[in-house]
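Here the structure is laid out as structure tokens; the discussion comes afterwards.
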Amino acid sequence: MKIKRIIALLMLVVCIALFGACNNGTPTGSSGAGSGSSELVEPETLSTITVNVADNINGKASERAFRPVGRTFFRYSGLACDLSCTGVRFNAICKGEVKVRFRVSADCYFTVYINGERQEERLVTRTGDNGSFRTVANFEEYGMYEIELVKQSQYPMVYGEIVEVQLTGSLGKRPAERERFIEFYGDSIMNGSNIYKGGTSAATSDASMAFGYATARALGADANIIGRGGMALRHKGNTDGMLEIWDLCGGTASPEVADYGFTRTPDCVVIGLGTNDWRDSAYTEPLYTAAVKEMVFNIRSVYGDDVKIIWCYGYTDAMREVWGVTKATLDTINDNGCIYYCEIPYCSLSKEEGGDGMHPDVKLAQDMATALTAFIEENIYN
């Protein structure tokens, strides 16, 4: 009996020790200014450093601190962010202001996340700010913070580059890729056009609040968002077609746009297209069905025949009109059952409700994301 009591006591001591160790790690949340790691002791002196983001990413693997977000590429000395929801993520061991130098072609909006928590204030950087630093965070306490910048603005409204980061302290270990990864192809609804109402512009649009990226955040997944407002599968007027940019890191007319490497296979590919194809005066059923098949063929050509593709439908009037043709076409190439059909709640906010009759506001976008999140959890990650 004494031996059993001694063993039980030892097990209790071990459990208490483990519990204490588990509660001394870096916090995952942030309260505005953020919370630093309780294990870090502030040095007597701190130096201010300035680091070029592109040089760091392309430098020695052991010294890399920045992780690109979305389909970015390099141009001049900057990390080019053309597509929506592109940016950078990094850990900063610091105190005080964290500043970033951008280069933008027009007013460009970013979402700032600190320790995974979205900050309420949108960061806007203007052409007049090019060459100067903008404060993206300000920490009262010395600690380690994860900072993520995500471009809200879609191409071709604005092209941007993240050039340098300046802080007092040092950079931490490069953040790891998230275990989950989803790729999204879509039009203005996927890219957050007019989500804040008032007409479609950079100021009223926010792809990081749209249903694709919101779904990825809810699932804890990395995401690529490919597309722009007005996009159809095929070229339409002055607007790129998805079949033209699906393998790029930006628009066809974007400066020195790079090809995408397809180095990471997504858990699934989500497609939200068809609305602008149906609305195109040049629409014909043969052209549309051929485009649907080509889109699927392209995705399978880089990710394999078994890649899971989720084709969304139902959330616009045009999508509902063309859905019969879309599904019938997809059924002919779905012998392996890897194409899924996900109905998304109707999203067009009427003019009487303050919308434009075509796009959702934040609330409707969240309803869409809730439906897609549940579908992916059940069918992909279950």
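Chains: A, B, ... in order of the structure tokens. Residues: from 1 per chain. Ligands: from 1, in order shown.
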
Residue neighbourhood A:Ile380, 12 Å, only C-alpha atoms, exclusion window fewer than 5 positions, as a ChimeraX atom specification: /A:180-182,219,266-270,307-310,338-340,372-375

Please report as a tab-separated table every residue of stretch 78-195 of chain A lying within 8 Å of stretch 36-52 of chain A, along with the nearest atom pair and their distance in Å (one decimal), using only C-alpha atoms.
```
residue	atom	partner	partner_atom	distance
A:Gly78	CA	A:Asn52	CA	7.7
A:Glu141	CA	A:Gly36	CA	6.7
A:Tyr142	CA	A:Glu42	CA	6.0
A:Gly143	CA	A:Gly36	CA	3.6
A:Met144	CA	A:Gly36	CA	4.9
A:Tyr145	CA	A:Gly36	CA	6.0
A:Val163	CA	A:Asn52	CA	5.9
A:Glu164	CA	A:Asn52	CA	4.4
A:Val165	CA	A:Val51	CA	5.4
A:Gln166	CA	A:Thr50	CA	4.3
A:Leu167	CA	A:Thr48	CA	5.5
A:Thr168	CA	A:Thr48	CA	4.0
A:Gly169	CA	A:Leu46	CA	5.5
A:Ser170	CA	A:Ile49	CA	7.1
```

Which of stretch 193-266 of chain A fall in helix (DSSP H, G or I), as a list in words: Ala207, Ser208, Met209, Phe211, Gly212, Tyr213, Ala214, Thr215, Ala216, Arg217, Ala218, Leu219, Met242, Leu243, Glu244 and Ile245 of chain A

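All residues of protein, DNA or RNA that reach within 12 Å of A:Ile333, judged by only C-alpha atoms and not counting those fewer than 2 positions away in the chain, are Thr289, Ala290, Val292, Lys293, Glu294, Met295, Val296, Phe297, Arg300, Asp305, Asp306, Ile309, Thr326, Lys327, Ala328, Thr329, Leu330, Asp331, Asp335, Asn336, Gly337, Cys338, Ile339 and Tyr340 of chain A.
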
Determine, counting only C-alpha atoms, which protein, DNA and RNA residues have an atom within 12 Å of an atom of A:Glu321; residues of the same chain fewer than 6 positions away are not included. Present the result as a tab-separated table (two decimals) with N, CA and C atoms, in the first residue's frame.
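Full text of selection_20.tsv as output:
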```tsv
chain	number	residue	atom	x	y	z
A	274	GLY	N	-19.34	32.00	-62.35
A	274	GLY	CA	-20.51	31.73	-63.17
A	274	GLY	C	-21.43	32.92	-63.32
A	275	THR	N	-21.45	33.77	-62.30
A	275	THR	CA	-22.32	34.95	-62.33
A	275	THR	C	-22.01	35.84	-63.53
A	276	ASN	N	-20.75	36.20	-63.71
A	276	ASN	CA	-20.39	37.12	-64.78
A	276	ASN	C	-20.35	36.45	-66.15
A	277	ASP	N	-20.21	35.13	-66.18
A	277	ASP	CA	-20.35	34.42	-67.46
A	277	ASP	C	-21.78	34.54	-67.96
A	278	TRP	N	-22.74	34.32	-67.07
A	278	TRP	CA	-24.15	34.37	-67.44
A	278	TRP	C	-24.56	35.78	-67.86
A	279	ARG	N	-23.99	36.78	-67.21
A	279	ARG	CA	-24.35	38.16	-67.51
A	279	ARG	C	-23.67	38.69	-68.77
A	285	GLU	N	-24.04	28.59	-74.34
A	285	GLU	CA	-23.87	27.38	-73.53
A	285	GLU	C	-22.64	26.58	-73.92
A	313	TYR	N	-22.67	27.40	-55.44
A	313	TYR	CA	-23.79	27.85	-56.28
A	313	TYR	C	-24.90	28.43	-55.40
A	314	GLY	N	-25.82	29.14	-56.06
A	314	GLY	CA	-27.04	29.56	-55.39
A	314	GLY	C	-27.07	30.93	-54.78
A	315	TYR	N	-25.94	31.65	-54.76
A	315	TYR	CA	-25.94	32.89	-53.98
A	315	TYR	C	-26.17	34.15	-54.81
A	327	LYS	N	-23.94	22.21	-63.29
A	327	LYS	CA	-23.92	20.89	-62.64
A	327	LYS	C	-23.90	19.76	-63.66
```

Quick one: contact table of stretch 258-375 of chain A to stretch 240-247 of chain A, 9 Å max, nearest atom pair and distance in Å to one decimal per residue, counting only C-alpha atoms, chain and number order, as JSON lines?
```
{"residue": "A:Asp259", "atom": "CA", "partner": "A:Asp247", "partner_atom": "CA", "distance": 6.1}
{"residue": "A:Tyr260", "atom": "CA", "partner": "A:Asp247", "partner_atom": "CA", "distance": 5.5}
{"residue": "A:Gly261", "atom": "CA", "partner": "A:Asp247", "partner_atom": "CA", "distance": 8.1}
{"residue": "A:Phe262", "atom": "CA", "partner": "A:Asp247", "partner_atom": "CA", "distance": 8.2}
{"residue": "A:Leu273", "atom": "CA", "partner": "A:Met242", "partner_atom": "CA", "distance": 8.9}
{"residue": "A:Ala291", "atom": "CA", "partner": "A:Leu243", "partner_atom": "CA", "distance": 7.8}
{"residue": "A:Glu294", "atom": "CA", "partner": "A:Leu243", "partner_atom": "CA", "distance": 7.8}
{"residue": "A:Met295", "atom": "CA", "partner": "A:Leu243", "partner_atom": "CA", "distance": 6.6}
{"residue": "A:Asn298", "atom": "CA", "partner": "A:Trp246", "partner_atom": "CA", "distance": 8.3}
{"residue": "A:Ile299", "atom": "CA", "partner": "A:Trp246", "partner_atom": "CA", "distance": 8.6}
```

Restricted to N, CA and C atoms, what would the selected residues look like written as an mmCIF file, in the first residue's frame?
```cif
data_model
loop_
_atom_site.group_PDB
_atom_site.id
_atom_site.type_symbol
_atom_site.label_atom_id
_atom_site.label_comp_id
_atom_site.auth_asym_id
_atom_site.auth_seq_id
_atom_site.Cartn_x
_atom_site.Cartn_y
_atom_site.Cartn_z
ATOM 1 N N ASP A 259 4.552 33.831 -62.503
ATOM 2 C CA ASP A 259 3.786 32.591 -62.500
ATOM 3 C C ASP A 259 3.745 32.039 -61.084
ATOM 4 N N TYR A 260 2.667 31.330 -60.764
ATOM 5 C CA TYR A 260 2.567 30.675 -59.460
ATOM 6 C C TYR A 260 3.217 29.301 -59.546
ATOM 7 N N GLY A 261 3.907 28.905 -58.494
ATOM 8 C CA GLY A 261 4.692 27.677 -58.534
ATOM 9 C C GLY A 261 3.941 26.389 -58.250
ATOM 10 N N PHE A 262 2.745 26.463 -57.644
ATOM 11 C CA PHE A 262 1.965 25.268 -57.293
ATOM 12 C C PHE A 262 2.789 24.267 -56.481
ATOM 13 N N LEU A 273 -17.702 30.955 -59.288
ATOM 14 C CA LEU A 273 -17.757 31.636 -60.579
ATOM 15 C C LEU A 273 -19.022 31.233 -61.342
ATOM 16 N N ALA A 291 -15.614 26.174 -70.891
ATOM 17 C CA ALA A 291 -14.818 26.903 -69.901
ATOM 18 C C ALA A 291 -14.845 26.206 -68.547
ATOM 19 N N GLU A 294 -12.545 23.273 -68.799
ATOM 20 C CA GLU A 294 -11.145 23.707 -68.854
ATOM 21 C C GLU A 294 -10.642 24.135 -67.482
ATOM 22 N N MET A 295 -11.506 24.791 -66.721
ATOM 23 C CA MET A 295 -11.116 25.206 -65.373
ATOM 24 C C MET A 295 -10.777 23.989 -64.517
ATOM 25 N N ASN A 298 -7.527 22.359 -65.710
ATOM 26 C CA ASN A 298 -6.334 23.103 -65.286
ATOM 27 C C ASN A 298 -5.966 22.796 -63.840
ATOM 28 N N ILE A 299 -6.947 22.804 -62.970
ATOM 29 C CA ILE A 299 -6.686 22.539 -61.550
ATOM 30 C C ILE A 299 -6.154 21.123 -61.359
#
```

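All residues within stretch 165-257 of chain A that the backbone DSSP calculation assigns to strand (DSSP E or B) are Val165, Gln166, Leu167, Thr168, Gly169, Ser170, Leu171, Arg180, Phe181, Ile182, Glu183, Phe184, Tyr185, Gly186, Ala221, Asp222, Ala223, Asn224, Ile225, Ile226, Gly227, Lys236, Thr239 and Leu248 of chain A.
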
Go ahead and save the picked residues with C-alpha atoms, as a PDB file, in the first residue's frame.
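Okay, this is what ended up in selection.pdb:
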```pdb
ATOM      1  CA  VAL A 165       9.863  46.263 -41.433  1.00  0.00           C
ATOM      2  CA  GLN A 166      11.312  48.380 -38.626  1.00  0.00           C
ATOM      3  CA  LEU A 167      11.100  47.570 -34.915  1.00  0.00           C
ATOM      4  CA  THR A 168      12.928  47.922 -31.632  1.00  0.00           C
ATOM      5  CA  GLY A 169      14.096  44.456 -30.702  1.00  0.00           C
ATOM      6  CA  SER A 170      14.539  41.499 -33.034  1.00  0.00           C
ATOM      7  CA  LEU A 171      12.681  39.175 -35.350  1.00  0.00           C
ATOM      8  CA  ARG A 180      -4.721  23.399 -43.452  1.00  0.00           C
ATOM      9  CA  PHE A 181      -4.604  25.073 -46.856  1.00  0.00           C
ATOM     10  CA  ILE A 182      -7.463  26.056 -49.176  1.00  0.00           C
ATOM     11  CA  GLU A 183      -7.436  27.765 -52.560  1.00  0.00           C
ATOM     12  CA  PHE A 184     -10.337  29.982 -53.666  1.00  0.00           C
ATOM     13  CA  TYR A 185     -11.220  31.167 -57.174  1.00  0.00           C
ATOM     14  CA  GLY A 186     -13.912  33.835 -57.445  1.00  0.00           C
ATOM     15  CA  ALA A 221      -6.282  27.449 -42.820  1.00  0.00           C
ATOM     16  CA  ASP A 222      -3.825  29.232 -45.054  1.00  0.00           C
ATOM     17  CA  ALA A 223      -5.528  30.546 -48.169  1.00  0.00           C
ATOM     18  CA  ASN A 224      -4.930  31.716 -51.707  1.00  0.00           C
ATOM     19  CA  ILE A 225      -7.611  34.043 -53.067  1.00  0.00           C
ATOM     20  CA  ILE A 226      -7.539  34.321 -56.872  1.00  0.00           C
ATOM     21  CA  GLY A 227      -9.809  36.672 -58.772  1.00  0.00           C
ATOM     22  CA  LYS A 236     -14.967  39.592 -70.577  1.00  0.00           C
ATOM     23  CA  THR A 239     -11.591  42.138 -67.427  1.00  0.00           C
ATOM     24  CA  LEU A 248      -0.495  33.684 -61.967  1.00  0.00           C
TER      25      LEU A 248
END
```

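Coordinates place atom CA of A:Pro360 at a distance of 10.0 Å from atom CA of A:Thr316.
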